[in-house]
Amino acid sequence: MAGKLWSRILNPGGGLRYHSRALRYRNSRWQDYRQQLASWLEEWTSAAEAASTDLLLIAPSAGHCLPSTWLGSFRSVAAIDLDPMARILFRRLHGASMPAPVGWIASDVFQEWEALLASHPDHAVLFCNFLGQAAECDEARAAEWFARLPMSLTGRRWASFHDRYSGELPTKAASALDSPHRADSETLLRHFYEKGISGELTEHELPPIFPQDRPYRYWSWPLAPDQFHIIEGCRS
Ligand SMILES: C[S@@+](CC[C@H](N)C(=O)[O-])C[C@H]1O[C@@H](n2cnc3c(N)ncnc32)[C@H](O)[C@@H]1O
C-alpha cells in the first residue's frame, strides 16, 4: 500500500518533480504559455457559459497551468488524478477562486473511465495535458482506452491540450499557431524552431482519436531550461 502511494507521488508524468518545477517556473518561464492556454480555454467555455456548466478535469495535477478565475466561473468542478498531492496544491493555488470545493477522485483514469462519465453525465470534459503522455504511462492500456474514447465522448462538450513534441531543442519566441486542421510536422517545426537547428525531438504519437479536419491551436511550453514542449489544443 505504501509502495503504491509513493509510486503515485513520484509518478513520472506528474508528482513531486513536476510540482517543484511548476512552483519554480509558473510565474516566470511558463507565464506566456499559461496566458495562451487561458485564452484558448476562455474561447472554449466563456465565463457566461461556465456559470451553467459543470467541469470534469482529467489529470490536472494541481492545475499549475490552469487559470483560477476561469476555473472559478464554473457551476462546479470535479477532477481525477492519481497524485495525492494534487488536491492539496490545487486548493492552495485555486481555492480562493472556487465557489465550492472541487470533487476529487484519486483514481486511475483508464480503470475508472466509464464509471467516471456515468457519475458525471452532464460535465464538460477537459483533458489536462494527459493524452500525449497517456501512452507513456501504460502503452497497452492507453491503446485500448484510446479506441473507446471517441465513442464515449459522443454528445459531450470536451477539450484537450496535450504534448505534440518535446525535447531539449529550444523553441523560438513565437506566437500561438492556429490551423484549420491538425497541423503537419513541417508546419510546426517551421513555426516553432529556428531555421537550420538540429537535434532530437520526441513526437508524442496520438492515435487519430479526434477528427483531423477541425481547428487546432499550438503553443510552445518552455517547461525547463533543458526541456521544451509543443502543445496541441483541440476542442469540441
Ligand atoms: C503533466 S501532469 C498535468 C499537468 C497539468 N495539466 C498542469 O496544468 O499542470 C500529468 C498528470 O497526470 C496524472 N496521471 C498520469 N497517469 C494517470 C492515470 N492513469 N490516471 C489518473 N491520473 C494520471 C499525473 O498524476 C499528473 O498529475
# chains A, B, ... in the order shown; residues from 1 in each chain; ligands from 1
>>> residues_near_ligand(ligand="ligand 1", cutoff="7 Å", atoms="only C-alpha atoms and all ligand atoms", output="PDB file with C-alpha atoms, in the first residue's frame")
ATOM      1  CA  ARG A   8       1.710   7.919  -7.252  1.00  0.00           C
ATOM      2  CA  ASN A  11       4.830   9.261 -10.914  1.00  0.00           C
ATOM      3  CA  GLY A  13       4.070  12.267 -15.660  1.00  0.00           C
ATOM      4  CA  GLY A  14       3.423  14.433 -12.605  1.00  0.00           C
ATOM      5  CA  GLY A  15       4.188  14.045  -8.932  1.00  0.00           C
ATOM      6  CA  ALA A  59      -5.347  14.522 -14.755  1.00  0.00           C
ATOM      7  CA  PRO A  60      -4.938  18.235 -13.971  1.00  0.00           C
ATOM      8  CA  SER A  61      -2.210  17.732 -11.338  1.00  0.00           C
ATOM      9  CA  ALA A  62      -2.539  20.834  -9.142  1.00  0.00           C
ATOM     10  CA  GLY A  63      -3.786  22.890 -12.092  1.00  0.00           C
ATOM     11  CA  HIS A  64      -0.442  24.712 -12.202  1.00  0.00           C
ATOM     12  CA  CYS A  65      -1.179  25.923 -15.742  1.00  0.00           C
ATOM     13  CA  LEU A  66      -4.925  26.493 -15.417  1.00  0.00           C
ATOM     14  CA  ILE A  80      -9.474  12.874 -11.315  1.00  0.00           C
ATOM     15  CA  ASP A  81      -5.737  12.451 -10.762  1.00  0.00           C
ATOM     16  CA  LEU A  82      -3.637   9.652  -9.323  1.00  0.00           C
ATOM     17  CA  ASP A  83      -1.366  12.024  -7.434  1.00  0.00           C
ATOM     18  CA  ALA A  86      -2.599  17.285  -6.497  1.00  0.00           C
ATOM     19  CA  SER A 107      -8.073   7.031  -9.161  1.00  0.00           C
ATOM     20  CA  ASP A 108      -6.779   5.734 -12.426  1.00  0.00           C
ATOM     21  CA  VAL A 109      -8.400   7.320 -15.493  1.00  0.00           C
ATOM     22  CA  PHE A 110      -8.151   4.132 -17.583  1.00  0.00           C
ATOM     23  CA  CYS A 128      -5.238  18.467 -18.975  1.00  0.00           C
ATOM     24  CA  ASN A 129      -2.051  17.572 -20.813  1.00  0.00           C
ATOM     25  CA  PHE A 130      -2.801  13.908 -20.390  1.00  0.00           C
ATOM     26  CA  ALA A 134      -1.061   8.506 -21.589  1.00  0.00           C
ATOM     27  CA  CYS A 137       2.366   5.671 -18.655  1.00  0.00           C
TER      28      CYS A 137
END
>>> residues_around(residues="Pro211 (chain A)", least_positions_apart="4", cutoff="10 Å", atoms="only C-alpha atoms", output="PyMOL selection string")
chain A and resi 150+181-182+215+234+236
>>> write_last_selection(atoms="C-alpha atoms", output="PDB file, in the first residue's frame")
ATOM      1  CA  PRO A 150     -14.250   8.933 -29.219  1.00  0.00           C
ATOM      2  CA  HIS A 181      -6.920  21.192 -39.408  1.00  0.00           C
ATOM      3  CA  ARG A 182      -4.364  19.127 -37.488  1.00  0.00           C
ATOM      4  CA  PRO A 215      -9.402  23.786 -35.973  1.00  0.00           C
ATOM      5  CA  CYS A 234      -8.273  20.567 -29.829  1.00  0.00           C
ATOM      6  CA  SER A 236     -15.392  20.309 -29.450  1.00  0.00           C
TER       7      SER A 236
END
>>> residues_around(residues="region 92-101 of chain A", least_positions_apart="5", cutoff="12 Å", atoms="only C-alpha atoms", output="ChimeraX atom specification")
/A:19,22-23,26,51,54,61-79,85-87
>>> select_by_dssp(residues="region 47-111 of chain A", states="helix (DSSP H, G or I)", output="compact mmCIF listing (two decimals) with C-alpha atoms, in the first residue's frame")
# COMPACT_ATOMS: atom_id res chain seq x y z
CA ALA A 47 -17.49 32.79 -18.13
CA ALA A 48 -21.14 33.29 -19.17
CA GLU A 49 -21.41 29.67 -20.39
CA ALA A 50 -19.40 28.32 -17.46
CA SER A 68 -8.01 30.39 -11.36
CA THR A 69 -10.68 32.88 -12.40
CA TRP A 70 -11.78 30.68 -15.28
CA LEU A 71 -11.97 27.58 -13.06
CA GLY A 72 -13.94 29.56 -10.51
CA PRO A 84 -2.50 12.51 -3.81
CA MET A 85 -0.63 15.82 -3.59
CA ALA A 86 -2.60 17.29 -6.50
CA ARG A 87 -5.68 18.19 -4.49
CA ILE A 88 -3.70 19.84 -1.67
CA LEU A 89 -1.72 22.06 -4.01
CA PHE A 90 -4.77 22.73 -6.21
CA ARG A 91 -6.58 24.09 -3.17
CA ARG A 92 -3.64 26.34 -2.33
CA LEU A 93 -3.45 27.68 -5.89
CA HIS A 94 -7.13 27.99 -6.76
CA GLY A 95 -9.14 27.55 -3.56
CA ALA A 96 -9.82 31.26 -3.09
CA SER A 97 -11.43 31.47 -6.56
CA VAL A 109 -8.40 7.32 -15.49
CA PHE A 110 -8.15 4.13 -17.58
CA GLN A 111 -9.73 2.00 -14.89
>>> select_by_dssp(residues="region 109-174 of chain A", states="strand (DSSP E)", output="PDB file with C-alpha atoms, in the first residue's frame")
ATOM      1  CA  ALA A 124     -17.815  19.153 -19.895  1.00  0.00           C
ATOM      2  CA  VAL A 125     -14.533  17.213 -20.025  1.00  0.00           C
ATOM      3  CA  LEU A 126     -11.096  18.848 -20.108  1.00  0.00           C
ATOM      4  CA  PHE A 127      -8.060  16.590 -20.676  1.00  0.00           C
ATOM      5  CA  CYS A 128      -5.238  18.467 -18.975  1.00  0.00           C
ATOM      6  CA  TRP A 158     -14.782  18.331 -24.419  1.00  0.00           C
ATOM      7  CA  ALA A 159     -11.364  19.837 -24.953  1.00  0.00           C
ATOM      8  CA  SER A 160      -7.814  18.592 -24.734  1.00  0.00           C
ATOM      9  CA  PHE A 161      -4.419  20.263 -24.617  1.00  0.00           C
ATOM     10  CA  HIS A 162      -1.584  17.758 -24.892  1.00  0.00           C
ATOM     11  CA  ASP A 163       2.040  17.226 -25.883  1.00  0.00           C
ATOM     12  CA  ARG A 164       2.698  17.010 -29.615  1.00  0.00           C
ATOM     13  CA  TYR A 165       6.506  17.383 -29.486  1.00  0.00           C
ATOM     14  CA  SER A 166       9.032  17.543 -26.681  1.00  0.00           C
ATOM     15  CA  GLY A 167      12.787  17.589 -26.345  1.00  0.00           C
TER      16      GLY A 167
END
>>> residues_around(residues="Gln35 (chain A)", least_positions_apart="2", cutoff="12 Å", atoms="only C-alpha atoms", output="number ranges by chain")
A: 26-33, 37-42, 65-68, 70, 175-176, 219-221
>>> atom_distance(atom1="CA of Ser20 (chain A)", atom2="CA of Leu206 (chain A)")
27.5 Å
>>> closest_residue(among="A:Leu201, A:Ala106, A:Ile209, A:Leu131", to="Arg148 (chain A)", atoms="only C-alpha atoms")
A:Ile209
>>> residues_around(residues="Glu194 (chain A)", least_positions_apart="2", cutoff="10 Å", atoms="only C-alpha atoms", output="mmCIF file with N, CA and C atoms, in the first residue's frame")
data_model
loop_
_atom_site.group_PDB
_atom_site.id
_atom_site.type_symbol
_atom_site.label_atom_id
_atom_site.label_comp_id
_atom_site.auth_asym_id
_atom_site.auth_seq_id
_atom_site.Cartn_x
_atom_site.Cartn_y
_atom_site.Cartn_z
ATOM 1 N N LEU A 169 15.605 20.557 -27.617
ATOM 2 C CA LEU A 169 15.759 21.590 -28.646
ATOM 3 C C LEU A 169 14.941 22.830 -28.280
ATOM 4 N N PRO A 170 15.604 23.997 -28.097
ATOM 5 C CA PRO A 170 14.832 25.173 -27.678
ATOM 6 C C PRO A 170 13.889 25.670 -28.772
ATOM 7 N N THR A 171 12.700 26.050 -28.358
ATOM 8 C CA THR A 171 11.758 26.661 -29.290
ATOM 9 C C THR A 171 12.110 28.146 -29.393
ATOM 10 N N LYS A 172 11.734 28.801 -30.508
ATOM 11 C CA LYS A 172 11.963 30.245 -30.611
ATOM 12 C C LYS A 172 10.735 30.966 -30.075
ATOM 13 N N ALA A 173 10.902 32.255 -29.775
ATOM 14 C CA ALA A 173 9.744 33.035 -29.320
ATOM 15 C C ALA A 173 8.774 33.108 -30.489
ATOM 16 N N LEU A 189 7.338 22.589 -37.145
ATOM 17 C CA LEU A 189 8.779 22.793 -36.975
ATOM 18 C C LEU A 189 9.178 24.167 -37.508
ATOM 19 N N ARG A 190 8.582 24.564 -38.633
ATOM 20 C CA ARG A 190 8.903 25.865 -39.222
ATOM 21 C C ARG A 190 8.460 27.008 -38.296
ATOM 22 N N HIS A 191 7.314 26.853 -37.673
ATOM 23 C CA HIS A 191 6.777 27.940 -36.847
ATOM 24 C C HIS A 191 7.514 28.062 -35.502
ATOM 25 N N PHE A 192 7.873 26.935 -34.907
ATOM 26 C CA PHE A 192 8.356 26.980 -33.516
ATOM 27 C C PHE A 192 9.876 26.837 -33.347
ATOM 28 N N GLY A 196 17.253 25.679 -39.569
ATOM 29 C CA GLY A 196 18.579 25.043 -39.570
ATOM 30 C C GLY A 196 18.964 24.382 -38.264
ATOM 31 N N ILE A 197 18.181 24.570 -37.221
ATOM 32 C CA ILE A 197 18.512 23.976 -35.927
ATOM 33 C C ILE A 197 18.374 22.448 -36.032
ATOM 34 N N SER A 198 19.228 21.724 -35.337
ATOM 35 C CA SER A 198 19.069 20.266 -35.411
ATOM 36 C C SER A 198 19.204 19.647 -34.025
#
